[in-house]
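This is coords.cif (mmCIF, C-alpha atoms).
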data_start
loop_
_atom_site.label_atom_id
_atom_site.label_comp_id
_atom_site.auth_asym_id
_atom_site.auth_seq_id
_atom_site.Cartn_x
_atom_site.Cartn_y
_atom_site.Cartn_z
CA MET I 29 66.71 93.10 93.81
CA LYS I 30 63.29 94.43 92.91
CA ARG I 31 61.97 96.96 95.42
CA ALA I 32 58.53 96.27 96.90
CA ARG I 33 55.63 98.53 96.13
CA ASN I 34 55.41 99.65 99.74
CA PHE I 35 52.03 100.99 100.92
CA ASN I 36 52.62 100.36 104.62
CA ALA I 37 51.01 102.80 107.06
CA GLY I 38 54.15 103.21 109.14
CA PRO I 39 56.99 102.61 109.39
CA ALA I 40 56.61 103.43 105.76
CA ALA I 41 58.52 103.81 102.52
CA LEU I 42 61.73 105.82 102.48
CA PRO I 43 63.13 107.43 99.31
CA GLU I 44 65.35 104.98 97.49
CA ASP I 45 67.94 107.72 96.91
CA VAL I 46 68.15 108.25 100.67
CA LEU I 47 68.70 104.57 101.34
CA LYS I 48 71.42 104.40 98.68
CA ARG I 49 73.20 107.44 100.12
CA ALA I 50 73.02 105.99 103.62
CA GLN I 51 74.39 102.71 102.26
CA SER I 52 77.34 104.51 100.66
CA GLU I 53 78.17 106.24 103.96
CA TRP I 54 77.37 103.28 106.19
CA LEU I 55 80.91 102.37 107.25
CA ASN I 56 82.53 105.77 106.96
CA ILE I 57 80.50 108.89 107.68
CA ASP I 58 82.31 112.11 106.81
CA ASN I 59 85.68 110.32 106.68
CA THR I 60 85.57 109.51 110.39
CA GLY I 61 86.24 105.80 109.86
CA MET I 62 83.01 105.09 111.76
CA SER I 63 79.36 104.46 111.05
CA ILE I 64 76.82 107.09 112.08
CA MET I 65 75.69 104.58 114.72
CA GLU I 66 79.17 104.60 116.29
CA LEU I 67 79.61 108.36 116.51
CA SER I 68 79.39 110.18 119.81
CA HIS I 69 76.37 112.45 119.89
CA ARG I 70 78.75 115.07 121.34
CA SER I 71 81.08 114.91 118.35
CA ASP I 72 81.46 117.77 115.88
CA THR I 73 80.42 115.48 113.03
CA PHE I 74 77.13 114.52 114.62
CA GLU I 75 76.44 118.06 115.82
CA THR I 76 76.77 119.23 112.22
CA ILE I 77 74.30 116.57 111.04
CA HIS I 78 71.91 117.38 113.88
CA ASN I 79 71.91 121.12 113.29
CA HIS I 80 71.65 120.65 109.51
CA ALA I 81 68.47 118.63 110.03
CA ILE I 82 66.94 121.34 112.22
CA GLN I 83 67.87 124.19 109.89
CA THR I 84 66.74 122.37 106.74
CA LEU I 85 63.38 121.56 108.31
CA LYS I 86 62.98 125.20 109.33
CA GLU I 87 63.84 126.30 105.80
CA LEU I 88 61.59 123.87 103.95
CA MET I 89 58.59 124.36 106.25
CA ASP I 90 59.19 128.11 106.53
CA ILE I 91 59.13 127.91 110.33
CA PRO I 92 59.13 131.38 111.94
CA GLU I 93 61.94 132.50 114.23
CA ASN I 94 59.71 132.42 117.31
CA TYR I 95 59.39 128.63 117.08
CA GLU I 96 61.67 125.92 118.42
CA VAL I 97 62.30 122.61 116.63
CA LEU I 98 62.87 119.71 119.01
CA PHE I 99 63.89 116.14 118.21
CA LEU I 100 62.44 113.85 120.89
CA GLN I 101 61.73 110.17 121.47
CA GLY I 102 58.65 108.23 122.55
CA GLY I 103 56.61 108.81 119.39
CA ALA I 104 53.45 110.85 119.14
CA SER I 105 52.03 108.67 121.92
CA LEU I 106 54.36 110.29 124.47
CA GLN I 107 53.26 113.71 123.22
CA PHE I 108 49.72 112.79 124.25
CA SER I 109 51.03 113.20 127.81
CA MET I 110 53.74 115.83 127.34
CA VAL I 111 51.37 118.35 125.77
CA PRO I 112 48.98 118.57 128.74
CA MET I 113 51.83 118.27 131.25
CA ASN I 114 53.45 121.38 129.79
CA LEU I 115 50.48 123.41 128.57
CA LEU I 116 47.48 122.56 130.76
CA GLN I 117 47.32 124.51 134.01
CA ALA I 118 45.25 123.38 136.99
CA ASP I 119 42.67 126.15 136.53
CA GLN I 120 42.25 125.57 132.78
CA LYS I 121 40.53 123.18 130.38
CA ALA I 122 41.99 121.60 127.26
CA ASP I 123 39.65 121.19 124.29
CA TYR I 124 39.83 118.18 121.96
CA VAL I 125 38.29 117.39 118.57
CA LEU I 126 37.75 113.66 118.01
CA THR I 127 38.25 112.46 114.44
CA GLY I 128 39.67 108.98 115.03
CA VAL I 129 41.46 106.55 117.31
CA TRP I 130 44.57 108.67 117.75
CA SER I 131 42.66 111.74 118.88
CA GLU I 132 40.78 109.47 121.30
CA LYS I 133 44.08 108.23 122.70
CA ALA I 134 45.37 111.79 123.04
CA LEU I 135 42.24 112.72 124.99
CA GLN I 136 42.56 109.68 127.26
CA GLU I 137 46.08 110.70 128.29
CA ALA I 138 45.14 114.36 128.78
CA LYS I 139 42.32 113.35 131.13
CA LYS I 140 44.96 111.87 133.43
CA ILE I 141 46.69 115.24 133.65
CA GLY I 142 43.85 117.77 133.92
CA THR I 143 40.39 118.86 132.83
CA THR I 144 39.38 118.27 129.23
CA ARG I 145 36.37 118.85 127.03
CA VAL I 146 35.31 117.33 123.70
CA VAL I 147 34.29 120.25 121.49
CA ALA I 148 33.51 118.30 118.30
CA SER I 149 33.38 114.64 117.32
CA THR I 150 32.53 112.53 114.29
CA LYS I 151 32.60 109.24 116.19
CA ASP I 152 28.88 108.60 115.63
CA SER I 153 29.56 108.39 111.88
CA ASN I 154 32.47 105.96 112.41
CA TYR I 155 34.80 108.86 111.67
CA THR I 156 33.90 109.20 108.01
CA PHE I 157 34.39 112.97 107.88
CA ILE I 158 36.10 116.00 109.40
CA PRO I 159 33.77 118.42 111.24
CA LYS I 160 33.11 121.84 109.78
CA LEU I 161 35.11 124.61 111.39
CA SER I 162 31.86 126.31 112.44
CA GLU I 163 30.93 123.20 114.45
CA ILE I 164 33.98 123.37 116.72
CA ASP I 165 32.78 125.03 119.91
CA TYR I 166 36.09 125.56 121.67
CA ASN I 167 36.51 127.70 124.79
CA GLN I 168 38.05 131.13 124.31
CA ASP I 169 39.98 130.58 127.56
CA ALA I 170 41.05 127.00 126.80
CA ALA I 171 44.65 126.06 127.48
CA TYR I 172 44.75 124.78 123.91
CA LEU I 173 42.65 123.16 121.18
CA HIS I 174 43.94 119.75 120.07
CA ILE I 175 43.27 118.15 116.68
CA THR I 176 44.70 115.27 114.64
CA SER I 177 45.35 116.55 111.14
CA ASN I 178 45.21 113.21 109.29
CA ASN I 179 43.55 110.00 110.38
CA THR I 180 45.44 106.99 109.09
CA ILE I 181 42.86 104.39 110.09
CA TYR I 182 39.83 106.09 108.57
CA GLY I 183 41.42 107.96 105.66
CA THR I 184 40.26 111.46 106.57
CA GLN I 185 42.26 114.68 106.61
CA TRP I 186 41.76 118.32 107.56
CA SER I 187 41.88 120.51 104.45
CA GLU I 188 41.75 123.72 106.50
CA PHE I 189 42.46 124.52 110.11
CA PRO I 190 40.53 126.53 112.69
CA ASP I 191 41.62 130.08 113.43
CA THR I 192 41.84 129.94 117.21
CA ASN I 193 43.02 133.50 117.87
CA ASN I 194 44.71 133.48 121.30
CA VAL I 195 44.04 129.81 122.02
CA PRO I 196 47.07 127.71 121.01
CA LEU I 197 46.20 125.21 118.29
CA VAL I 198 47.96 121.91 119.02
CA VAL I 199 48.04 119.35 116.22
CA ASP I 200 49.21 115.77 115.89
CA MET I 201 50.60 115.80 112.33
CA SER I 202 52.27 112.41 112.49
CA SER I 203 50.85 111.14 109.22
CA ASP I 204 50.79 114.25 107.04
CA ILE I 205 53.54 116.57 108.25
CA PHE I 206 55.66 117.79 105.34
CA SER I 207 53.14 116.50 102.80
CA LYS I 208 51.73 119.91 101.89
CA LYS I 209 52.42 123.56 102.60
CA ILE I 210 51.02 124.89 105.87
CA ASP I 211 51.23 128.20 107.70
CA VAL I 212 53.14 127.18 110.83
CA SER I 213 52.26 130.47 112.53
CA LYS I 214 48.63 129.27 112.85
CA PHE I 215 49.76 126.62 115.35
CA GLY I 216 51.00 126.76 118.89
CA LEU I 217 52.53 123.29 118.76
CA ILE I 218 52.93 120.64 116.06
CA TYR I 219 54.13 117.14 116.86
CA ALA I 220 54.76 114.18 114.60
CA GLY I 221 56.29 110.76 114.65
CA ALA I 222 58.76 110.76 111.78
CA GLN I 223 57.99 107.30 110.41
CA LYS I 224 55.51 108.38 107.73
CA ASN I 225 57.04 111.29 105.79
CA LEU I 226 60.20 112.46 107.52
CA GLY I 227 62.31 109.42 108.25
CA PRO I 228 62.42 106.14 110.18
CA SER I 229 60.71 105.28 113.42
CA GLY I 230 62.41 106.35 116.65
CA ILE I 231 62.30 110.12 116.37
CA THR I 232 59.50 112.59 117.05
CA VAL I 233 59.55 116.14 115.72
CA VAL I 234 58.04 118.88 117.88
CA ILE I 235 57.60 122.41 116.52
CA ILE I 236 56.59 124.66 119.38
CA ARG I 237 56.09 128.41 119.76
CA LYS I 238 58.74 129.62 122.17
CA ASP I 239 56.35 131.45 124.49
CA LEU I 240 54.64 128.12 125.25
CA ILE I 241 57.84 126.68 126.73
CA SER I 242 57.98 127.38 130.46
CA ASN I 243 61.16 127.15 132.53
CA SER I 244 59.23 127.16 135.81
CA LEU I 245 57.47 123.79 135.62
CA GLU I 246 59.65 122.09 138.20
CA GLU I 247 56.96 119.51 139.04
CA ILE I 248 57.27 117.93 135.57
CA PRO I 249 59.79 115.07 135.22
CA THR I 250 62.92 116.39 133.57
CA MET I 251 62.62 114.37 130.36
CA LEU I 252 58.96 115.35 129.91
CA ASN I 253 59.61 119.07 130.11
CA TYR I 254 59.93 120.91 126.79
CA HIS I 255 62.31 123.40 128.41
CA THR I 256 64.81 120.61 129.08
CA HIS I 257 65.09 119.87 125.38
CA GLN I 258 64.99 123.49 124.25
CA ALA I 259 67.84 124.41 126.59
CA SER I 260 70.01 121.53 125.35
CA ASN I 261 69.21 121.70 121.61
CA SER I 262 67.51 118.28 121.95
CA LEU I 263 70.79 116.79 123.20
CA TYR I 264 70.05 116.48 126.92
CA ASN I 265 70.55 112.73 126.68
CA THR I 266 71.71 110.42 123.90
CA PRO I 267 69.39 111.07 120.95
CA PRO I 268 68.42 108.55 118.23
CA THR I 269 71.43 109.45 116.11
CA LEU I 270 70.71 107.11 113.19
CA ALA I 271 67.12 108.35 112.91
CA ILE I 272 68.21 112.00 112.96
CA TYR I 273 70.83 111.30 110.28
CA LEU I 274 68.24 109.61 108.04
CA LEU I 275 65.76 112.45 108.66
CA SER I 276 68.47 114.86 107.53
CA LEU I 277 68.95 112.85 104.32
CA VAL I 278 65.19 112.79 103.66
CA LEU I 279 65.09 116.58 104.00
CA ASP I 280 68.01 116.92 101.55
CA TRP I 281 66.14 114.64 99.14
CA ALA I 282 63.00 116.75 99.47
CA LYS I 283 64.95 119.94 98.87
CA ASP I 284 66.54 118.52 95.72
CA LEU I 285 63.12 117.38 94.55
CA GLY I 286 61.74 120.92 94.71
CA GLY I 287 60.63 121.27 98.32
CA ILE I 288 57.13 121.07 99.74
CA THR I 289 55.54 122.64 96.66
CA LYS I 290 56.70 119.74 94.49
CA ILE I 291 55.90 117.17 97.17
CA GLU I 292 52.35 118.49 97.53
CA GLU I 293 51.90 118.38 93.76
CA ASN I 294 53.09 114.76 93.63
CA ASN I 295 50.88 113.72 96.54
CA ALA I 296 47.79 115.19 94.87
CA LYS I 297 48.50 113.23 91.67
CA LYS I 298 48.96 109.99 93.60
CA ALA I 299 45.74 110.40 95.57
CA GLU I 300 43.75 111.34 92.48
CA LEU I 301 44.83 108.14 90.72
CA LEU I 302 43.53 105.93 93.52
CA TYR I 303 40.35 107.88 94.23
CA HIS I 304 39.55 107.78 90.52
CA ALA I 305 39.94 103.99 90.63
CA ILE I 306 37.44 103.90 93.49
CA ASP I 307 34.95 106.41 92.08
CA SER I 308 34.91 104.89 88.60
CA SER I 309 34.36 101.31 89.83
CA ASP I 310 30.52 101.52 89.92
CA GLY I 311 30.54 100.71 93.61
CA PHE I 312 32.90 97.73 93.45
CA TYR I 313 35.30 99.73 95.60
CA GLN I 314 33.72 101.85 98.36
CA GLY I 315 35.72 104.62 100.01
CA HIS I 316 35.35 104.96 103.78
CA ALA I 317 35.80 108.74 103.94
CA LYS I 318 33.30 111.23 102.58
CA PRO I 319 34.73 112.92 99.47
CA ASP I 320 35.25 116.34 101.06
CA SER I 321 37.23 114.80 103.93
CA ARG I 322 39.41 112.38 101.99
CA SER I 323 43.02 111.96 102.98
CA TYR I 324 45.83 112.44 100.49
CA MET I 325 47.99 110.19 102.65
CA ASN I 326 45.81 107.16 103.44
CA VAL I 327 43.27 105.90 100.91
CA THR I 328 40.81 103.58 102.68
CA PHE I 329 38.26 101.41 100.93
CA THR I 330 36.26 98.19 101.04
CA LEU I 331 35.14 95.63 98.45
CA PRO I 332 31.70 93.97 98.06
CA ASN I 333 32.32 91.37 100.79
CA LYS I 334 35.03 89.87 103.00
CA GLU I 335 35.71 86.97 100.65
CA ILE I 336 36.42 89.27 97.71
CA GLU I 337 38.45 91.55 99.98
CA GLN I 338 40.72 88.69 101.06
CA ALA I 339 41.14 87.59 97.44
CA PHE I 340 42.07 91.15 96.48
CA LEU I 341 44.64 91.43 99.27
CA GLN I 342 46.20 88.07 98.43
CA LYS I 343 46.38 88.80 94.70
CA ALA I 344 47.85 92.23 95.47
CA LYS I 345 50.49 90.69 97.72
CA ASP I 346 51.34 88.13 95.06
CA ALA I 347 51.79 91.00 92.60
CA GLY I 348 54.23 92.79 94.92
CA PHE I 349 51.95 95.33 96.62
CA ILE I 350 52.76 95.42 100.34
CA GLY I 351 50.80 96.83 103.27
CA LEU I 352 47.31 97.14 101.77
CA ASN I 353 45.46 95.57 104.70
CA GLY I 354 43.21 97.99 106.55
CA HIS I 355 43.82 98.68 110.23
CA ARG I 356 42.80 95.75 112.44
CA SER I 357 40.14 97.90 114.15
CA VAL I 358 38.15 98.63 110.98
CA GLY I 359 39.27 96.08 108.37
CA GLY I 360 38.99 96.76 104.67
CA CYS I 361 41.92 97.98 102.61
CA ARG I 362 44.26 100.93 102.93
CA ALA I 363 46.92 102.36 100.65
CA SER I 364 49.27 104.70 102.48
CA ILE I 365 50.85 106.96 99.90
CA TYR I 366 53.31 109.07 101.86
CA ASN I 367 55.92 111.33 100.27
CA ALA I 368 58.39 108.59 99.38
CA VAL I 369 55.85 106.37 97.58
CA PRO I 370 56.56 106.86 93.85
CA LEU I 371 53.81 108.05 91.53
CA GLU I 372 54.36 105.03 89.30
CA HIS I 373 53.59 102.67 92.20
CA CYS I 374 50.22 104.39 92.64
CA GLN I 375 49.55 104.12 88.92
CA GLU I 376 50.39 100.41 89.07
CA LEU I 377 48.05 99.94 92.03
CA ALA I 378 45.24 101.80 90.25
CA ASP I 379 45.76 99.58 87.20
CA PHE I 380 45.75 96.48 89.41
CA MET I 381 42.47 97.58 91.03
CA GLU I 382 40.86 97.97 87.61
CA THR I 383 42.16 94.61 86.40
CA PHE I 384 41.02 92.82 89.56
CA LYS I 385 37.54 94.33 89.28
CA LYS I 386 37.18 93.26 85.65
CA THR I 387 38.51 89.77 86.36
CA TYR I 388 36.07 89.26 89.22
CA GLN I 389 33.10 90.65 87.30
CA ASN I 390 33.89 88.47 84.27
CA ARG I 391 34.10 85.43 86.51
CA GLU I 392 30.75 86.25 88.08
CA LYS I 393 29.20 86.75 84.66
CA THR I 394 30.52 83.37 83.50
CA LEU I 395 29.15 81.62 86.59
CA PHE I 396 25.79 83.32 86.18
CA ASN I 397 25.48 82.33 82.50
CA ALA I 398 26.48 78.78 83.31
#

Conversion result in structure tokens:
Amino acid sequence: MKRARNFNAGPAALPEDVLKRAQSEWLNIDNTGMSIMELSHRSDTFETIHNHAIQTLKELMDIPENYEVLFLQGGASLQFSMVPMNLLQADQKADYVLTGVWSEKALQEAKKIGTTRVVASTKDSNYTFIPKLSEIDYNQDAAYLHITSNNTIYGTQWSEFPDTNNVPLVVDMSSDIFSKKIDVSKFGLIYAGAQKNLGPSGITVVIIRKDLISNSLEEIPTMLNYHTHQASNSLYNTPPTLAIYLLSLVLDWAKDLGGITKIEENNAKKAELLYHAIDSSDGFYQGHAKPDSRSYMNVTFTLPNKEIEQAFLQKAKDAGFIGLNGHRSVGGCRASIYNAVPLEHCQELADFMETFKKTYQNREKTLFNA
């Protein structure tokens, strides 16, 4: 079987080595005579897998001791509500920076919980760039400042983060967590759906500074309280055991590869290949994001018109490139190049883009001369 060149935005590509290892252990994990999906989440075998995943993530991301790693469910979308429920007090405001649809959705949910304020937005430009740090007018007494680190739909990404001093910086890192080295101590809370870089869909990683977890919020539903999950090592109820197992394997793969340093290096090479294909096309391909705000995870672009775009997408699909359609809300094309997407697949896509451009331009030239 030939593997697809998978550029889906999420759920996204998983490392082939991880899938092969999972396949080899599918019927008999750790000589238990059972699949990982059949194991009790209270068993010693699963507890070992669970704790290994937490400790490996802490090691690879260099997470300080005063942070808790939680494995939750509900995706980043549930965190849109959990964050304000746990961090936003009645006498406080929560500040939000709008850089795309997902930050808009986070704001909408927070408004249902308490008082919010938009402190910067690039909506008027159709989210083509990330605001300058100097333009973010957050409150010094805000409950937290919320940002979305990478915007999958628009192809923009924060290259640096605001220094918020005593205001907790909360970030939705669903689409670029573990793609580059970050200083975790700059953040109060990081949350991320795993289905881009860390594993399959069904598990959400929350990295939260311990002092932000309150054990006195009795008015919050039990399952929406961070303290519930901290106190039970994320095992208060049955967790997504298969997803945690696969996340653990992805982390092992990343460690063997060389850790985040190597992953960041690979991601830069992949992005540079595709942005070069766009920038050297004499305008045939047009990037959505301004160059200084470009994402190294989601490369978004358009072609001269809708007809050519559809031809490009069909030809790409015929050639084995999957998931290149832009998000339904903005159209165009999008190549999502998360950690598990091989460098050679990006090179092949860049070559395909060049070939398609030349083929189209030659056809147009022939028609014109005729």

Shell of 12 Å around Ser153 in chain I, only C-alpha atoms, local chain residues under 3 positions omitted, as a list of chain:residue names: I:Leu126, I:Thr127, I:Gly128, I:Ser149, I:Thr150, I:Thr156, I:Phe157, I:Ile158, I:Pro159, I:Tyr182, I:His316, I:Ala317, I:Lys318

Output check: residues returned by the PyMOL selection byres ((chain I and resi 300-315) around 6), as a ChimeraX atom specification: /I:297-299,316-317,328-331,378

Computed interatomic separation between CA of Ser242 in chain I and CA of Asn79 in chain I (Å):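 One can read the CA of Ser242 in chain I to CA of Asn79 in chain I distance as 23.0 Å.
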
Range 31-42 of chain I surroundings by all atoms listed in the file, 10 Å radius, close-in-sequence under 5 positions cut, as a PyMOL selection string: chain I and resi 47+180-181+202-203+221-230+274-275+278+325-326+345+347-355+362-370+372-374+376-377

Store the residues picked out above in a file with C-alpha atoms, as an mmCIF file, in the frame of the given file.
data_model
loop_
_atom_site.group_PDB
_atom_site.id
_atom_site.type_symbol
_atom_site.label_atom_id
_atom_site.label_comp_id
_atom_site.auth_asym_id
_atom_site.auth_seq_id
_atom_site.Cartn_x
_atom_site.Cartn_y
_atom_site.Cartn_z
ATOM 1 C CA LEU I 47 68.700 104.570 101.340
ATOM 2 C CA THR I 180 45.440 106.990 109.090
ATOM 3 C CA ILE I 181 42.860 104.390 110.090
ATOM 4 C CA SER I 202 52.270 112.410 112.490
ATOM 5 C CA SER I 203 50.850 111.140 109.220
ATOM 6 C CA GLY I 221 56.290 110.760 114.650
ATOM 7 C CA ALA I 222 58.760 110.760 111.780
ATOM 8 C CA GLN I 223 57.990 107.300 110.410
ATOM 9 C CA LYS I 224 55.510 108.380 107.730
ATOM 10 C CA ASN I 225 57.040 111.290 105.790
ATOM 11 C CA LEU I 226 60.200 112.460 107.520
ATOM 12 C CA GLY I 227 62.310 109.420 108.250
ATOM 13 C CA PRO I 228 62.420 106.140 110.180
ATOM 14 C CA SER I 229 60.710 105.280 113.420
ATOM 15 C CA GLY I 230 62.410 106.350 116.650
ATOM 16 C CA LEU I 274 68.240 109.610 108.040
ATOM 17 C CA LEU I 275 65.760 112.450 108.660
ATOM 18 C CA VAL I 278 65.190 112.790 103.660
ATOM 19 C CA MET I 325 47.990 110.190 102.650
ATOM 20 C CA ASN I 326 45.810 107.160 103.440
ATOM 21 C CA LYS I 345 50.490 90.690 97.720
ATOM 22 C CA ALA I 347 51.790 91.000 92.600
ATOM 23 C CA GLY I 348 54.230 92.790 94.920
ATOM 24 C CA PHE I 349 51.950 95.330 96.620
ATOM 25 C CA ILE I 350 52.760 95.420 100.340
ATOM 26 C CA GLY I 351 50.800 96.830 103.270
ATOM 27 C CA LEU I 352 47.310 97.140 101.770
ATOM 28 C CA ASN I 353 45.460 95.570 104.700
ATOM 29 C CA GLY I 354 43.210 97.990 106.550
ATOM 30 C CA HIS I 355 43.820 98.680 110.230
ATOM 31 C CA ARG I 362 44.260 100.930 102.930
ATOM 32 C CA ALA I 363 46.920 102.360 100.650
ATOM 33 C CA SER I 364 49.270 104.700 102.480
ATOM 34 C CA ILE I 365 50.850 106.960 99.900
ATOM 35 C CA TYR I 366 53.310 109.070 101.860
ATOM 36 C CA ASN I 367 55.920 111.330 100.270
ATOM 37 C CA ALA I 368 58.390 108.590 99.380
ATOM 38 C CA VAL I 369 55.850 106.370 97.580
ATOM 39 C CA PRO I 370 56.560 106.860 93.850
ATOM 40 C CA GLU I 372 54.360 105.030 89.300
ATOM 41 C CA HIS I 373 53.590 102.670 92.200
ATOM 42 C CA CYS I 374 50.220 104.390 92.640
ATOM 43 C CA GLU I 376 50.390 100.410 89.070
ATOM 44 C CA LEU I 377 48.050 99.940 92.030
#

Selection as a PyMOL selection string: residues within 8 Å of (33.3, 121.6, 114.2), counting only C-alpha atoms: chain I and resi 125+147-149+158-165

Restricting it to C-alpha atoms, dump the selection as a short mmCIF file (atom, residue, chain, number, x, y, z; two decimals), in the coordinates of the input.
data_model
loop_
_atom_site.label_atom_id
_atom_site.label_comp_id
_atom_site.auth_asym_id
_atom_site.auth_seq_id
_atom_site.Cartn_x
_atom_site.Cartn_y
_atom_site.Cartn_z
CA VAL I 125 38.29 117.39 118.57
CA VAL I 147 34.29 120.25 121.49
CA ALA I 148 33.51 118.30 118.30
CA SER I 149 33.38 114.64 117.32
CA ILE I 158 36.10 116.00 109.40
CA PRO I 159 33.77 118.42 111.24
CA LYS I 160 33.11 121.84 109.78
CA LEU I 161 35.11 124.61 111.39
CA SER I 162 31.86 126.31 112.44
CA GLU I 163 30.93 123.20 114.45
CA ILE I 164 33.98 123.37 116.72
CA ASP I 165 32.78 125.03 119.91
#

Within 9 Å of Ala134 in chain I using only C-alpha atoms, minus same-chain residues under 5 positions, as a count of residues only: 8

Residue with smallest distance to Asp284 in chain I - pool I:Leu88, I:Thr60, I:Ala259, I:Ile77, counting all atoms listed in the file: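 Looking only at the distances to Asp284 in chain I, the closest residue turns out to be I:Leu88.
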
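Of note, CA of Asn243 in chain I and CA of His255 in chain I are spaced 5.7 Å apart.
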
CA of Asn194 in chain I to CA of Asp169 in chain I, distance in Å rounded to a single decimal: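 Rounded to one decimal, the two atoms are 8.4 Å apart.
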
Residues in the PyMOL selection byres ((chain I and resi 70-73) around 10), expressed as a ChimeraX atom specification: /I:57-60,64,67-69,74-78,263,266

Shortest interatomic distance to Asn178 in chain I - which of I:Leu341, I:Val234, I:Val327, I:Ile82, counting only C-alpha atoms: I:Val327

Complete range 312-317 of chain I with all heavy atoms (output as a CSV table (one decimal), in the coordinates of the input).
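Below is the file rebuild.csv, written as the result:
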chain,number,residue,atom,x,y,z
I,312,PHE,N,32.1,98.9,93.1
I,312,PHE,CA,32.9,97.7,93.4
I,312,PHE,C,33.9,98.1,94.6
I,312,PHE,O,34.0,97.3,95.5
I,312,PHE,CB,33.7,97.2,92.2
I,312,PHE,CG,34.4,95.9,92.4
I,312,PHE,CD1,33.7,94.7,92.4
I,312,PHE,CD2,35.8,95.9,92.7
I,312,PHE,CE1,34.4,93.5,92.6
I,312,PHE,CE2,36.4,94.7,92.9
I,312,PHE,CZ,35.7,93.5,92.9
I,313,TYR,N,34.5,99.2,94.5
I,313,TYR,CA,35.3,99.7,95.6
I,313,TYR,C,34.5,100.9,96.3
I,313,TYR,O,34.0,101.7,95.6
I,313,TYR,CB,36.6,100.3,95.1
I,313,TYR,CG,37.5,99.2,94.4
I,313,TYR,CD1,37.6,99.2,93.0
I,313,TYR,CD2,38.2,98.2,95.1
I,313,TYR,CE1,38.4,98.3,92.4
I,313,TYR,CE2,38.9,97.3,94.5
I,313,TYR,CZ,39.1,97.3,93.1
I,313,TYR,OH,39.8,96.4,92.5
I,314,GLN,N,34.4,100.8,97.6
I,314,GLN,CA,33.7,101.8,98.4
I,314,GLN,C,34.7,102.6,99.3
I,314,GLN,O,35.3,101.9,100.2
I,314,GLN,CB,32.6,101.2,99.2
I,314,GLN,CG,31.4,100.7,98.4
I,314,GLN,CD,30.5,101.8,97.9
I,314,GLN,OE1,30.5,102.9,98.5
I,314,GLN,NE2,29.7,101.6,96.9
I,315,GLY,N,34.9,103.9,99.1
I,315,GLY,CA,35.7,104.6,100.0
I,315,GLY,C,35.1,104.8,101.4
I,315,GLY,O,33.9,105.0,101.5
I,316,HIS,N,35.9,104.8,102.4
I,316,HIS,CA,35.4,105.0,103.8
I,316,HIS,C,35.0,106.4,104.0
I,316,HIS,O,34.0,106.8,104.6
I,316,HIS,CB,36.4,104.5,104.8
I,316,HIS,CG,35.9,104.7,106.2
I,316,HIS,ND1,35.0,103.9,106.9
I,316,HIS,CD2,36.2,105.7,107.1
I,316,HIS,CE1,34.8,104.3,108.1
I,316,HIS,NE2,35.5,105.4,108.3
I,317,ALA,N,35.9,107.3,103.6
I,317,ALA,CA,35.8,108.7,103.9
I,317,ALA,C,34.9,109.4,103.0
I,317,ALA,O,34.8,109.1,101.8
I,317,ALA,CB,37.2,109.4,103.9
